[in-house]
Structures are given as C-alpha cells and as structure tokens.
>>> print(open('structure-v3.cif').read())   # mmCIF, C-alpha atoms
data_protein
loop_
_atom_site.label_atom_id
_atom_site.label_comp_id
_atom_site.auth_asym_id
_atom_site.auth_seq_id
_atom_site.Cartn_x
_atom_site.Cartn_y
_atom_site.Cartn_z
CA MET M 1 -108.08 197.95 -6.20
CA PHE M 2 -109.50 198.49 -2.75
CA ASN M 3 -109.39 201.76 -0.85
CA GLY M 4 -105.91 202.80 0.29
CA TYR M 5 -104.06 200.19 -1.74
CA ASP M 6 -101.18 201.41 -3.91
CA PRO M 7 -99.10 198.63 -5.52
CA VAL M 8 -96.21 201.03 -6.19
CA VAL M 9 -95.90 201.96 -2.51
CA TYR M 10 -96.12 198.35 -1.35
CA SER M 11 -93.68 197.21 -4.04
CA ARG M 12 -91.17 199.79 -2.90
CA MET M 13 -91.68 198.82 0.75
CA LEU M 14 -91.21 195.12 0.06
CA THR M 15 -88.16 195.67 -2.13
CA SER M 16 -86.63 197.98 0.48
CA LEU M 17 -87.27 195.43 3.22
CA THR M 18 -85.71 192.62 1.19
CA LEU M 19 -82.66 194.63 0.20
CA GLY M 20 -82.19 196.00 3.70
CA PHE M 21 -82.26 192.50 5.21
CA HIS M 22 -80.25 190.87 2.43
CA ILE M 23 -77.46 193.43 2.55
CA ILE M 24 -76.58 192.34 6.11
CA TYR M 25 -75.87 188.77 5.04
CA ALA M 26 -74.51 189.77 1.65
CA THR M 27 -71.98 192.08 3.28
CA ILE M 28 -70.83 189.32 5.61
CA GLY M 29 -70.75 186.92 2.66
CA VAL M 30 -68.41 189.22 0.75
CA GLY M 31 -66.08 190.36 3.52
CA VAL M 32 -65.60 187.36 5.80
CA PRO M 33 -63.93 185.08 3.19
CA LEU M 34 -61.16 187.64 2.78
CA MET M 35 -60.66 187.81 6.55
CA ILE M 36 -60.56 184.00 6.71
CA ALA M 37 -57.93 183.99 3.97
CA LEU M 38 -55.80 186.56 5.82
CA ALA M 39 -55.95 184.55 9.05
CA GLU M 40 -55.13 181.21 7.44
CA PHE M 41 -52.31 182.64 5.32
CA ILE M 42 -50.68 184.25 8.37
CA GLY M 43 -51.16 181.06 10.34
CA ILE M 44 -49.44 178.97 7.68
CA LYS M 45 -46.56 181.39 7.17
CA ARG M 46 -45.91 181.76 10.91
CA ASN M 47 -46.91 178.21 11.78
CA ASP M 48 -49.22 179.82 14.33
CA PRO M 49 -52.16 177.71 15.58
CA HIS M 50 -54.02 180.78 16.82
CA TYR M 51 -54.46 182.26 13.35
CA LEU M 52 -55.31 178.84 11.91
CA LEU M 53 -58.03 178.42 14.52
CA LEU M 54 -59.30 181.92 13.75
CA ALA M 55 -59.79 180.90 10.12
CA ARG M 56 -61.45 177.67 11.14
CA ARG M 57 -63.94 179.25 13.54
CA TRP M 58 -64.78 182.15 11.23
CA ALA M 59 -65.44 179.67 8.42
CA ARG M 60 -68.01 177.82 10.56
CA GLY M 61 -70.00 180.96 11.24
CA PHE M 62 -69.66 182.07 7.64
CA VAL M 63 -71.55 179.00 6.42
CA ILE M 64 -74.67 180.03 8.38
CA THR M 65 -74.70 183.53 6.90
CA VAL M 66 -74.23 182.13 3.40
CA ALA M 67 -77.29 179.91 3.83
CA VAL M 68 -79.48 182.88 4.82
CA GLY M 69 -77.99 185.01 2.04
CA VAL M 70 -79.02 182.40 -0.51
CA VAL M 71 -82.66 182.66 0.61
CA THR M 72 -82.76 186.45 0.59
CA GLY M 73 -80.85 186.63 -2.70
CA THR M 74 -83.40 184.30 -4.28
CA ALA M 75 -86.16 186.55 -2.93
CA ILE M 76 -84.61 189.54 -4.70
CA GLY M 77 -84.60 187.71 -8.04
CA LEU M 78 -88.21 186.66 -7.51
CA GLN M 79 -89.32 190.15 -6.58
CA LEU M 80 -87.64 191.74 -9.58
CA SER M 81 -89.95 189.77 -11.85
CA LEU M 82 -93.10 189.96 -9.72
CA LEU M 83 -92.93 193.54 -8.45
CA TRP M 84 -91.14 195.28 -11.30
CA PRO M 85 -92.33 193.56 -14.52
CA SER M 86 -92.29 196.70 -16.69
CA PHE M 87 -88.75 197.49 -15.61
CA MET M 88 -87.60 193.94 -16.38
CA ARG M 89 -89.34 194.03 -19.76
CA VAL M 90 -87.41 197.15 -20.74
CA ALA M 91 -84.08 196.60 -18.98
CA GLY M 92 -84.00 192.81 -18.74
CA GLN M 93 -81.98 192.35 -21.93
CA SER M 94 -79.27 194.69 -20.68
CA ILE M 95 -78.92 193.28 -17.17
CA SER M 96 -79.41 189.59 -17.95
CA LEU M 97 -75.67 188.98 -18.46
CA PRO M 98 -74.50 190.32 -15.06
CA LEU M 99 -77.44 188.55 -13.37
CA PHE M 100 -76.36 185.27 -14.96
CA LEU M 101 -72.71 185.86 -14.06
CA GLU M 102 -73.70 186.64 -10.47
CA THR M 103 -75.43 183.25 -10.24
CA PHE M 104 -72.41 181.55 -11.79
CA ALA M 105 -70.09 183.29 -9.30
CA PHE M 106 -72.21 182.09 -6.42
CA PHE M 107 -72.10 178.44 -7.56
CA PHE M 108 -68.34 178.78 -8.11
CA GLU M 109 -68.00 180.03 -4.53
CA ALA M 110 -70.34 177.39 -3.07
CA ILE M 111 -68.54 174.45 -4.70
CA PHE M 112 -65.13 175.43 -3.41
CA LEU M 113 -66.53 176.43 -0.01
CA GLY M 114 -67.83 172.89 0.45
CA ILE M 115 -64.48 171.40 -0.54
CA TYR M 116 -62.63 173.85 1.72
CA LEU M 117 -64.75 173.05 4.77
CA TYR M 118 -64.42 169.30 4.46
CA THR M 119 -60.69 169.17 3.79
CA TRP M 120 -59.27 170.65 7.00
CA ASP M 121 -56.21 168.62 8.04
CA ARG M 122 -56.51 166.45 4.92
CA PHE M 123 -53.37 167.77 3.20
CA LYS M 124 -49.77 167.44 4.31
CA ASN M 125 -49.06 170.83 2.77
CA ARG M 126 -51.37 173.34 4.47
CA MET M 127 -50.98 175.75 1.57
CA THR M 128 -52.98 173.33 -0.58
CA HIS M 129 -55.96 173.81 1.69
CA PHE M 130 -55.46 177.59 1.66
CA LEU M 131 -55.52 177.62 -2.15
CA LEU M 132 -59.02 176.11 -2.03
CA LEU M 133 -60.15 179.28 -0.29
CA ILE M 134 -59.02 181.60 -3.10
CA PRO M 135 -61.98 180.67 -5.37
CA VAL M 136 -64.31 181.32 -2.42
CA VAL M 137 -62.88 184.82 -1.98
CA ILE M 138 -63.05 185.46 -5.72
CA GLY M 139 -66.56 184.04 -6.05
CA SER M 140 -68.01 186.01 -3.14
CA SER M 141 -66.51 189.28 -4.35
CA ALA M 142 -67.51 188.50 -7.94
CA SER M 143 -71.13 188.01 -6.83
CA ALA M 144 -71.11 191.50 -5.32
CA PHE M 145 -69.31 192.82 -8.40
CA PHE M 146 -71.92 191.58 -10.87
CA ILE M 147 -75.02 192.46 -8.84
CA THR M 148 -73.64 195.96 -8.23
CA ILE M 149 -73.17 196.33 -11.98
CA VAL M 150 -76.94 195.92 -12.29
CA ASN M 151 -77.47 198.75 -9.84
CA ALA M 152 -74.87 200.88 -11.64
CA PHE M 153 -76.81 200.37 -14.89
CA MET M 154 -79.99 201.58 -13.18
CA ASN M 155 -78.19 204.74 -12.06
CA TYR M 156 -76.66 205.47 -15.45
CA PRO M 157 -78.03 203.22 -18.22
CA VAL M 158 -75.91 202.86 -21.39
CA GLY M 159 -75.26 200.28 -24.10
CA PHE M 160 -78.58 200.24 -25.98
CA LYS M 161 -81.04 202.27 -28.02
CA LEU M 162 -84.49 203.13 -26.72
CA THR M 163 -87.27 203.22 -29.32
CA ASP M 164 -90.95 203.58 -28.41
CA GLY M 165 -90.26 202.46 -24.87
CA LEU M 166 -88.36 199.33 -25.91
CA ILE M 167 -84.63 198.70 -25.68
CA SER M 168 -82.92 197.55 -28.87
CA GLU M 169 -79.39 197.08 -30.20
CA VAL M 170 -78.25 195.97 -26.77
CA ASN M 171 -74.53 195.78 -26.13
CA PRO M 172 -74.30 193.78 -22.87
CA ILE M 173 -70.63 194.57 -22.30
CA ALA M 174 -71.17 198.30 -22.80
CA ALA M 175 -74.18 198.13 -20.47
CA MET M 176 -72.00 196.53 -17.81
CA LEU M 177 -69.40 199.27 -18.22
CA SER M 178 -71.71 202.09 -17.15
CA PRO M 179 -69.89 205.19 -15.89
CA ALA M 180 -71.42 204.41 -12.48
CA MET M 181 -69.78 200.98 -12.37
CA PRO M 182 -66.17 201.67 -11.25
CA THR M 183 -66.87 203.78 -8.17
CA LYS M 184 -70.02 201.91 -7.15
CA VAL M 185 -68.42 198.47 -7.37
CA ALA M 186 -65.24 199.60 -5.62
CA HIS M 187 -67.22 201.28 -2.83
CA VAL M 188 -69.45 198.23 -2.27
CA LEU M 189 -66.51 195.83 -2.06
CA SER M 190 -64.32 198.03 0.12
CA SER M 191 -67.14 198.87 2.53
CA ALA M 192 -68.03 195.16 2.83
CA TYR M 193 -64.44 194.29 3.74
CA LEU M 194 -64.37 197.18 6.22
CA THR M 195 -67.65 196.21 7.87
CA CYS M 196 -66.67 192.57 8.28
CA ALA M 197 -63.33 193.54 9.79
CA PHE M 198 -65.20 195.65 12.37
CA ILE M 199 -67.75 192.89 13.04
CA LEU M 200 -65.05 190.32 13.73
CA ALA M 201 -63.10 192.87 15.78
CA ALA M 202 -66.21 193.65 17.84
CA LEU M 203 -66.78 189.97 18.63
CA THR M 204 -63.18 189.71 19.81
CA ALA M 205 -63.33 192.97 21.79
CA TRP M 206 -66.45 191.72 23.56
CA LYS M 207 -64.61 188.54 24.61
CA LEU M 208 -61.76 190.65 25.98
CA LEU M 209 -64.21 192.82 27.90
CA LYS M 210 -65.67 189.65 29.42
CA GLY M 211 -62.25 188.75 30.78
CA LYS M 212 -60.99 186.43 28.02
CA ASN M 213 -57.31 187.44 27.98
CA HIS M 214 -55.98 184.53 25.97
CA VAL M 215 -53.43 185.46 23.33
CA TYR M 216 -55.79 184.02 20.70
CA TYR M 217 -58.19 186.94 21.21
CA LYS M 218 -55.40 189.50 21.27
CA LYS M 219 -54.05 188.29 17.95
CA ALA M 220 -57.56 188.29 16.52
CA LEU M 221 -58.12 191.89 17.63
CA LYS M 222 -54.90 193.14 16.06
CA LEU M 223 -55.54 191.34 12.77
CA THR M 224 -59.10 192.62 12.44
CA MET M 225 -58.41 196.19 13.53
CA VAL M 226 -55.35 196.63 11.33
CA SER M 227 -57.45 195.30 8.45
CA ALA M 228 -60.24 197.73 9.37
CA PHE M 229 -57.77 200.63 9.29
CA VAL M 230 -56.51 199.66 5.82
CA PHE M 231 -60.04 199.21 4.46
CA MET M 232 -61.07 202.48 6.11
CA ILE M 233 -58.47 204.35 4.08
CA SER M 234 -59.49 202.67 0.81
CA THR M 235 -63.20 203.27 1.47
CA ALA M 236 -62.61 206.94 2.19
CA LEU M 237 -60.61 207.41 -1.02
CA ILE M 238 -63.27 205.64 -3.07
CA GLY M 239 -65.96 207.73 -1.37
CA ASP M 240 -64.20 210.86 -2.59
CA LEU M 241 -64.23 209.48 -6.15
CA SER M 242 -67.93 208.69 -5.76
CA GLY M 243 -68.61 212.35 -5.04
CA LYS M 244 -66.83 213.32 -8.25
CA TYR M 245 -68.84 210.73 -10.19
CA LEU M 246 -72.09 212.24 -8.86
CA ALA M 247 -71.00 215.74 -9.83
CA LYS M 248 -70.43 214.63 -13.41
CA TYR M 249 -73.14 212.04 -14.05
CA GLN M 250 -75.83 212.49 -11.38
CA PRO M 251 -75.54 216.13 -10.32
CA GLU M 252 -79.15 216.25 -9.13
CA LYS M 253 -78.38 213.63 -6.45
CA LEU M 254 -75.34 215.53 -5.21
CA ALA M 255 -77.24 218.83 -5.21
CA ALA M 256 -80.16 217.35 -3.26
CA ALA M 257 -77.80 215.74 -0.75
CA GLU M 258 -76.13 219.10 -0.08
CA TRP M 259 -79.20 221.34 -0.46
CA HIS M 260 -77.36 223.13 -3.24
CA PHE M 261 -80.06 224.96 -5.21
CA ASP M 262 -78.31 227.57 -7.33
CA THR M 263 -75.50 226.75 -9.74
CA ALA M 264 -72.45 228.54 -8.40
CA ALA M 265 -68.70 228.49 -7.99
CA LYS M 266 -66.97 228.22 -4.62
CA ALA M 267 -69.90 226.11 -3.39
CA PRO M 268 -69.88 225.38 0.36
CA LEU M 269 -70.50 221.96 1.91
CA VAL M 270 -73.49 222.02 4.27
CA LEU M 271 -73.49 219.86 7.39
CA GLY M 272 -76.68 219.49 9.40
CA GLY M 273 -79.24 222.27 9.37
CA VAL M 274 -82.96 222.52 8.79
CA LEU M 275 -84.57 223.40 5.45
CA THR M 276 -87.42 225.92 5.48
CA ASP M 277 -90.37 226.01 3.09
CA ASN M 278 -88.49 228.66 1.10
CA ASN M 279 -85.48 226.36 0.72
CA GLU M 280 -83.43 228.39 3.16
CA ILE M 281 -80.98 226.52 5.37
CA LYS M 282 -81.06 227.29 9.09
CA TYR M 283 -78.67 226.06 11.79
CA GLY M 284 -76.42 224.37 9.24
CA LEU M 285 -72.64 224.41 9.33
CA GLU M 286 -71.18 225.59 6.03
CA ILE M 287 -67.67 224.55 5.08
CA PRO M 288 -66.44 227.16 2.57
CA TYR M 289 -65.51 225.75 -0.85
CA GLY M 290 -66.21 222.23 0.49
CA LEU M 291 -68.71 221.13 -2.15
CA SER M 292 -66.60 222.46 -5.02
CA ILE M 293 -63.62 220.52 -3.67
CA LEU M 294 -65.70 217.35 -3.20
CA ALA M 295 -67.19 217.59 -6.67
CA HIS M 296 -64.21 218.75 -8.72
CA SER M 297 -61.13 218.92 -6.44
CA ASN M 298 -61.11 222.63 -7.14
CA PRO M 299 -62.31 225.19 -4.56
CA PHE M 300 -63.33 227.59 -7.35
CA ALA M 301 -65.21 225.03 -9.50
CA VAL M 302 -68.83 225.54 -10.50
CA VAL M 303 -71.28 223.04 -9.02
CA LYS M 304 -74.64 222.53 -10.71
CA GLY M 305 -77.63 223.44 -8.57
CA LEU M 306 -80.96 221.71 -8.05
CA ASN M 307 -82.90 224.58 -9.61
CA ASP M 308 -81.48 223.58 -13.02
CA PHE M 309 -83.65 220.44 -12.94
CA PRO M 310 -87.44 220.16 -13.33
CA GLU M 311 -89.20 219.89 -9.98
CA ASP M 312 -90.68 216.49 -10.83
CA GLU M 313 -87.18 215.09 -11.51
CA ARG M 314 -85.57 216.16 -8.23
CA PRO M 315 -84.70 213.61 -5.55
CA PRO M 316 -86.30 213.93 -2.10
CA LEU M 317 -84.43 216.56 -0.11
CA TRP M 318 -84.41 214.47 3.07
CA ILE M 319 -81.48 212.49 1.65
CA HIS M 320 -79.37 215.34 3.05
CA TYR M 321 -79.99 213.94 6.52
CA LEU M 322 -79.06 210.44 5.35
CA PHE M 323 -75.80 211.73 3.94
CA ASP M 324 -74.95 213.64 7.13
CA ILE M 325 -75.74 210.67 9.37
CA LYS M 326 -73.64 208.42 7.17
CA MET M 327 -70.71 210.81 7.35
CA GLY M 328 -71.08 210.92 11.13
CA TYR M 329 -70.81 207.14 11.20
CA VAL M 330 -67.73 207.31 9.00
CA ALA M 331 -66.10 209.86 11.29
CA PHE M 332 -66.65 207.54 14.27
CA MET M 333 -65.11 204.56 12.47
CA VAL M 334 -62.14 206.62 11.34
CA ALA M 335 -61.56 207.76 14.92
CA VAL M 336 -61.80 204.23 16.37
CA SER M 337 -59.49 202.63 13.82
CA LEU M 338 -56.99 205.50 14.03
CA LEU M 339 -56.94 205.46 17.84
CA PHE M 340 -56.31 201.72 17.79
CA ILE M 341 -53.36 202.11 15.41
CA ILE M 342 -51.94 204.95 17.51
CA GLU M 343 -52.18 202.84 20.66
CA MET M 344 -50.64 199.88 18.87
CA VAL M 345 -47.56 201.69 17.54
CA ARG M 346 -46.68 203.97 20.44
CA LYS M 347 -44.24 202.60 23.00
CA ARG M 348 -46.57 202.61 25.98
CA GLY M 349 -49.74 202.14 24.01
CA ASN M 350 -52.48 199.81 25.21
CA VAL M 351 -55.03 198.59 22.67
CA TYR M 352 -56.92 196.75 25.42
CA ARG M 353 -58.20 199.84 27.25
CA ARG M 354 -61.84 199.25 28.16
CA TRP M 355 -63.08 202.47 26.56
CA LEU M 356 -61.36 201.53 23.30
CA LEU M 357 -62.77 197.99 23.41
CA PHE M 358 -66.26 199.40 23.98
CA ALA M 359 -65.75 201.75 21.01
CA ILE M 360 -64.72 198.79 18.83
CA VAL M 361 -67.85 196.88 19.88
CA ALA M 362 -69.97 199.92 18.96
CA ALA M 363 -68.21 200.29 15.61
CA ALA M 364 -69.61 197.01 14.27
CA PRO M 365 -73.32 197.97 14.21
CA ILE M 366 -72.33 201.47 13.13
CA ALA M 367 -70.44 200.03 10.16
CA MET M 368 -73.49 198.01 9.15
CA LEU M 369 -75.76 201.03 9.58
CA THR M 370 -73.38 202.98 7.34
CA ILE M 371 -73.94 200.44 4.58
CA GLU M 372 -77.72 200.52 5.11
CA HIS M 373 -77.76 204.33 5.00
CA GLY M 374 -75.51 204.31 1.95
CA TRP M 375 -77.85 202.04 -0.01
CA ILE M 376 -80.92 204.04 1.00
CA PHE M 377 -79.14 207.22 -0.04
CA SER M 378 -78.17 205.66 -3.37
CA GLU M 379 -81.65 204.36 -4.19
CA VAL M 380 -83.75 207.24 -2.87
CA GLY M 381 -81.32 209.72 -4.41
CA ARG M 382 -82.08 208.21 -7.84
CA GLN M 383 -85.80 208.92 -7.51
CA PRO M 384 -88.11 209.48 -9.26
CA TRP M 385 -86.33 207.08 -11.63
CA ILE M 386 -86.00 203.32 -11.46
CA LEU M 387 -83.98 203.56 -14.68
CA ARG M 388 -82.47 207.02 -14.57
CA GLY M 389 -83.76 209.34 -17.26
CA LEU M 390 -85.74 206.56 -18.98
CA MET M 391 -88.32 205.01 -16.68
CA ARG M 392 -89.92 206.36 -13.54
CA THR M 393 -90.39 204.10 -10.54
CA THR M 394 -94.17 204.36 -10.85
CA GLU M 395 -93.93 203.12 -14.45
CA GLY M 396 -91.80 200.10 -13.58
CA ALA M 397 -93.93 198.70 -10.75
CA THR M 398 -96.62 196.05 -10.91
CA THR M 399 -100.32 196.92 -10.97
CA SER M 400 -101.33 193.65 -9.35
CA GLU M 401 -103.16 193.25 -6.07
CA HIS M 402 -101.99 191.47 -2.91
CA VAL M 403 -98.51 193.01 -2.79
CA ASP M 404 -99.42 194.05 0.75
CA LEU M 405 -99.98 190.39 1.64
CA MET M 406 -96.59 189.54 0.16
CA LEU M 407 -95.07 192.24 2.34
CA TRP M 408 -96.41 190.61 5.50
CA LEU M 409 -95.37 187.11 4.42
CA PHE M 410 -91.82 188.15 3.58
CA THR M 411 -91.59 190.15 6.81
CA LEU M 412 -92.41 186.98 8.76
CA LEU M 413 -89.87 185.05 6.67
CA TYR M 414 -87.09 187.55 7.41
CA VAL M 415 -87.92 187.70 11.12
CA GLY M 416 -87.74 183.91 11.24
CA LEU M 417 -84.48 183.79 9.32
CA GLY M 418 -82.90 186.53 11.41
CA ILE M 419 -83.82 184.96 14.75
CA SER M 420 -82.88 181.45 13.61
CA SER M 421 -79.48 182.45 12.24
CA VAL M 422 -78.56 184.42 15.38
CA ARG M 423 -79.61 181.54 17.65
CA VAL M 424 -77.65 179.01 15.61
CA LEU M 425 -74.53 181.18 15.65
CA LEU M 426 -74.80 181.78 19.39
CA LYS M 427 -75.28 178.10 20.09
CA MET M 428 -72.41 177.20 17.77
CA PHE M 429 -69.86 179.24 19.73
CA LYS M 430 -71.37 179.62 23.23
CA ASN M 431 -70.15 176.29 24.56
CA ASN M 432 -67.32 175.86 22.07
CA HIS M 433 -64.50 178.04 23.34
CA ALA M 434 -61.33 178.76 21.41
CA GLU M 435 -59.19 177.84 24.42
CA ASP M 436 -60.77 174.39 24.54
CA GLU M 437 -60.11 173.84 20.86
CA LEU M 438 -56.48 174.85 21.25
CA ALA M 439 -56.16 172.46 24.16
CA ALA M 440 -57.68 169.70 22.05
CA PHE M 441 -55.02 170.34 19.43
CA GLY M 442 -52.36 169.89 22.10
CA LYS M 443 -51.63 173.61 22.48
CA GLU M 444 -51.30 175.72 25.58
CA ALA M 445 -54.83 176.67 26.62
CA GLY M 446 -53.98 179.21 29.27
CA GLU M 447 -51.23 181.13 27.54
CA ARG M 448 -51.08 184.80 28.49
CA THR M 449 -49.21 187.80 27.21
#
>>> encode(input="structure-v3.cif", output="structure tokens")
Amino acid sequence: MFNGYDPVVYSRMLTSLTLGFHIIYATIGVGVPLMIALAEFIGIKRNDPHYLLLARRWARGFVITVAVGVVTGTAIGLQLSLLWPSFMRVAGQSISLPLFLETFAFFFEAIFLGIYLYTWDRFKNRMTHFLLLIPVVIGSSASAFFITIVNAFMNYPVGFKLTDGLISEVNPIAAMLSPAMPTKVAHVLSSAYLTCAFILAALTAWKLLKGKNHVYYKKALKLTMVSAFVFMISTALIGDLSGKYLAKYQPEKLAAAEWHFDTAAKAPLVLGGVLTDNNEIKYGLEIPYGLSILAHSNPFAVVKGLNDFPEDERPPLWIHYLFDIKMGYVAFMVAVSLLFIIEMVRKRGNVYRRWLLFAIVAAAPIAMLTIEHGWIFSEVGRQPWILRGLMRTTEGATTSEHVDLMLWLFTLLYVGLGISSVRVLLKMFKNNHAEDELAAFGKEAGERT
C-alpha cells in the first residue's frame, strides 16, 4: 500500500458513485413502463390517438434508459465481487437467490419489451399489443423488488446461522423475507413511480412553457400529474410505515436521524438545527410528541435514544441533515401535486399557470434528488455495518490495490454514458414533434382547447 491509499475508502466511493448513477436509470426503468401502460390503456379505451402517441413516444425514450441501466447494473454486480469479497463470501449464499431472480426478471422484461416495440400497429385488436406491455411492467418492477430485497437483508439479516464468521443453515426464502423487506420494497417502487410521473410531467410542462399548446401536451400533463398525486399519497403512507420499522428494528438509525440521545417518552421531532460538541441542539425546531408519533403512532410512547448504543456502533450524526433535506423535498412535491389537483377540480381553475408549470418542471429534479438522498440516508444510516450487527463495512471491503484507478475509470465511463444518453434522447425528440406525428397519422395537428 502506498501513502494515503485506503481500499475501504475508495471502495465506498466507487460503490456510492455507481449506485448514485445507476439509481437514476433504474428509477426511470421501473416507473416509465407503468406510465406507458396507463397512457396506452386510456388511449385504447377512449380510442384517443393522443394517449396512444404518448405511450409510443415514451416507449422510444425508455429504450435508451434501459440500455444505460444494463451497463450500470452490470457494474454493480461486478463491484460486489471485486470490492466486497469478504461480504460476498459471508452473505453470498443468502442473497444469491434474489440476485438470480433479479437477472431473470430483467430478461423477462427485455424479451417482451422487444416484442412490444416491434409490434406497433401489427394487431387488429389494440388490446393484444397492450397485453405485451404487462410483462414489461411486471419485469421492471420485479427487478427492483428482488434487488431491494438484497438491500433489506443487509439492513436486517435473517434466515441463517452464523458460526465462526461463516453463514450456515441458510434458508433463502426466510432471508428474502427480512423484516426490512416490506417497507423498503414498497417505498422503492412507489417512489420510482412518483419520480417518473414528475419527470414526464416536467417534460410536458416545459413544452407548454415554450408555447406548445396542443391538446396532446395538455392531456399528457393531466395524466402525469394526477398519477404523481396518487403516487405521492402512497409514498407518504409508506414513508410513515418506514419510520415505524426503524423504531422497532433499527432504532439507532432513527435516533441518529433525529438527534435523539436519551431514551424518553413524548419524544419531540427535531427539524433543522445545529449540533454542538456536547450534543446539544441549537436553532432547531422541535415538534412536541412528533418522534413518538412517527415511531409508534402514540404521542406518549417511549423512543429509544442513541446513548443506549455503543459509540462505535452509532451512525454518523450528519444523516439528520439528509433526512431534513429529504423531507423538504417531499413537502415541495406534495405542495406542487396538491396545487395542481386543486386547480384542476375547481370551476375556474387553471393548471397551465406559468408559475405552476415552472414548479412542475422543478419538481422533476427534486424528485430524483429525493431518491438519491433517501438511498444515501439508508446506506450511511446503517454504518458502521455492511451487514447489520454481523459484519462491519471495513471487514467486508477488499484489501487490494488500484481501487483508486478503478474509481477514475468508472467515473469516465459514467460521464460518457450520461452525456451520450442525454444527447441521444434530445436528438430523438428535438426534430420529431408530436404534432407532426399526429398529422402523419391523419389527425388534426393544430387542434386547440
């Protein structure tokens, strides 16, 4: 080892970079198929060419993101073996089944996606073509389901016996059914659907801001924003259940996130603030009983404090800021989606107000940042464990050299992939307008509402 080189630090940096980049394309890969399905189903039922074209155009862009997601997903599998060999040696038997099923789900999705793309207008009954999309939706969500199960196992490992540092008597099904699995999987799926609804809404809102007033864009905005509102509600409810899971199974993460040091009843929820060297909170806003309600749905419930855990097993306290920023993002998305619904249902409402369209455009990157912050919070909040309670992160990492070189090489790869995918998507739609496609199908190109 040369001076200043720490393989654990570089392994964590490279893994974080890969996951942070992959989650962008993985989120799109999970959420967009469902939005395509909604658009095509509505288009078939209403015999509406606008919704059918929405599905068609979204599917084209989706293919590009899938291609990049395949590369970054492969990189994750490679890095698990290269950067975390001790972890894989101990936990590999328990997580091999969901890893295999995730690969199977991807191939299931890819096969039907290819058939779906190449069979537009090939069937007399349009519903036949729509049914080909169902396996794509199932496969994409199943991929997220199985890979999230792996992460749930890392947060609360079960289904085996640990003897002398080796796992034995592995029950793969029990390992997949970790107590962390239900809330984590549900939150990942719901937030992916929510984020994609906002991304597609933002693209449409931007077109409207640029003066594209065709009814096609107005229908697209209403479909995506109503979907965002529904997914916003589900994500918020699941988030509440996630807090209760943490209180029961990972209380140290919840305590660190809320700077809750002493076990106590009627625990307040702390927003913002600065932590002093003596663990005193300054400038924070305390919501009375808030943490007790979040953790146990009871304002008088006792919430376990961070002082009940050894100092070397406590998560970094800066995750409090991550949690607060994430909740700020959530508040913004709730406000945008709620304001849109209010404008849509009231008699003189106008969902095309410029300030609201700008807010919708801003909501897309904020939704993606919420997912990024959520994953960082989840992973950093598990520290110092890579396998909670069993293996520390420093014990699971490689001791090999040249991880720093790998970091640079993968950084260049991701920069290239990111720039290339954005350029391809821009070129794909820049000179290929929806109005022109509608005109080509013999529809009214200049229809206004």
>>> atom_distance(input="structure-v3.cif", atom1="atom CA of Met327 of chain M", atom2="atom CA of Thr195 of chain M")
14.9 Å
>>> resolve_selection(input="structure-v3.cif", expression="the PyMOL selection byres ((chain M and resi 81-87) around 6)", output="list in words")
Ser11, Leu78, Gln79, Leu80, Met88, Arg89, Val90, Ala91, Gly396, Ala397 and Thr398 of chain M
>>> write_last_selection(input="structure-v3.cif", atoms="C-alpha atoms", output="PDB file, in the coordinates of the input")
ATOM      1  CA  SER M  11     -93.680 197.210  -4.040  1.00  0.00           C
ATOM      2  CA  LEU M  78     -88.210 186.660  -7.510  1.00  0.00           C
ATOM      3  CA  GLN M  79     -89.320 190.150  -6.580  1.00  0.00           C
ATOM      4  CA  LEU M  80     -87.640 191.740  -9.580  1.00  0.00           C
ATOM      5  CA  MET M  88     -87.600 193.940 -16.380  1.00  0.00           C
ATOM      6  CA  ARG M  89     -89.340 194.030 -19.760  1.00  0.00           C
ATOM      7  CA  VAL M  90     -87.410 197.150 -20.740  1.00  0.00           C
ATOM      8  CA  ALA M  91     -84.080 196.600 -18.980  1.00  0.00           C
ATOM      9  CA  GLY M 396     -91.800 200.100 -13.580  1.00  0.00           C
ATOM     10  CA  ALA M 397     -93.930 198.700 -10.750  1.00  0.00           C
ATOM     11  CA  THR M 398     -96.620 196.050 -10.910  1.00  0.00           C
TER      12      THR M 398
END
>>> residues_near_point(input="structure-v3.cif", point="(-83.7, 209.1, -4.9)", cutoff="6 Å", atoms="only C-alpha atoms", output="JSON, numbers by chain")
{"M": [315, 379, 380, 381, 382, 383]}
>>> closest_residue(input="structure-v3.cif", among="M:Leu271, M:Met181, M:Leu357, M:Ile24", to="Gly211 of chain M", atoms="only C-alpha atoms")
M:Leu357
>>> resolve_selection(input="structure-v3.cif", expression="the PyMOL selection byres ((chain M and resi 422-429) around 12)", output="MDAnalysis selection string")
chainID M and resid 25 57:65 67:68 203 207 415:421 430:437
>>> closest_residue(input="structure-v3.cif", among="M:Phe229, M:Tyr249, M:Phe309, M:Trp408", to="Ile341 of chain M", atoms="all atoms listed in the file")
M:Phe229
>>> atom_distance(input="structure-v3.cif", atom1="atom CA of Asp240 of chain M", atom2="atom CA of Asn155 of chain M")
18.0 Å
>>> residues_around(input="structure-v3.cif", residues="Ile76 of chain M", least_positions_apart="5", cutoff="12 Å", atoms="all atoms listed in the file", output="list in words")
Ser11, Leu14, Thr15, Ser16, Leu17, Thr18, Leu19, Gly20, Phe21, His22, Ile23, Ala26, Gly69, Val70, Val71, Ser81, Leu82, Leu83, Trp84, Leu99, Ile147 and Phe410 of chain M
>>> atom_distance(input="structure-v3.cif", atom1="atom CA of Leu189 of chain M", atom2="atom CA of Ala363 of chain M")
18.3 Å
>>> resolve_selection(input="structure-v3.cif", expression="the PyMOL selection byres ((chain M and resi 114-120) around 7)", output="list in words")
Ala110, Ile111, Phe112, Leu113, Asp121, Arg122, His129, Leu132 and Leu133 of chain M
>>> closest_residue(input="structure-v3.cif", among="M:Gln93, M:Ser227, M:Ser141, M:Thr72", to="Leu38 of chain M", atoms="all atoms listed in the file")
M:Ser227
>>> closest_residue(input="structure-v3.cif", among="M:Thr204, M:Thr263, M:Ser234, M:Asn279", to="Ala220 of chain M", atoms="only C-alpha atoms")
M:Thr204
>>> closest_residue(input="structure-v3.cif", among="M:Leu54, M:Val270, M:Leu338, M:Ile376", to="Tyr216 of chain M", atoms="only C-alpha atoms")
M:Leu54
>>> axis_aligned_box(input="structure-v3.cif", around="segment 261-271 of chain M", padding_each_side="8 Å", output="JSON")
{"center_x": -73.5, "center_y": 224.2, "center_z": -1.2, "size_x": 29.1, "size_y": 24.7, "size_z": 33.1}
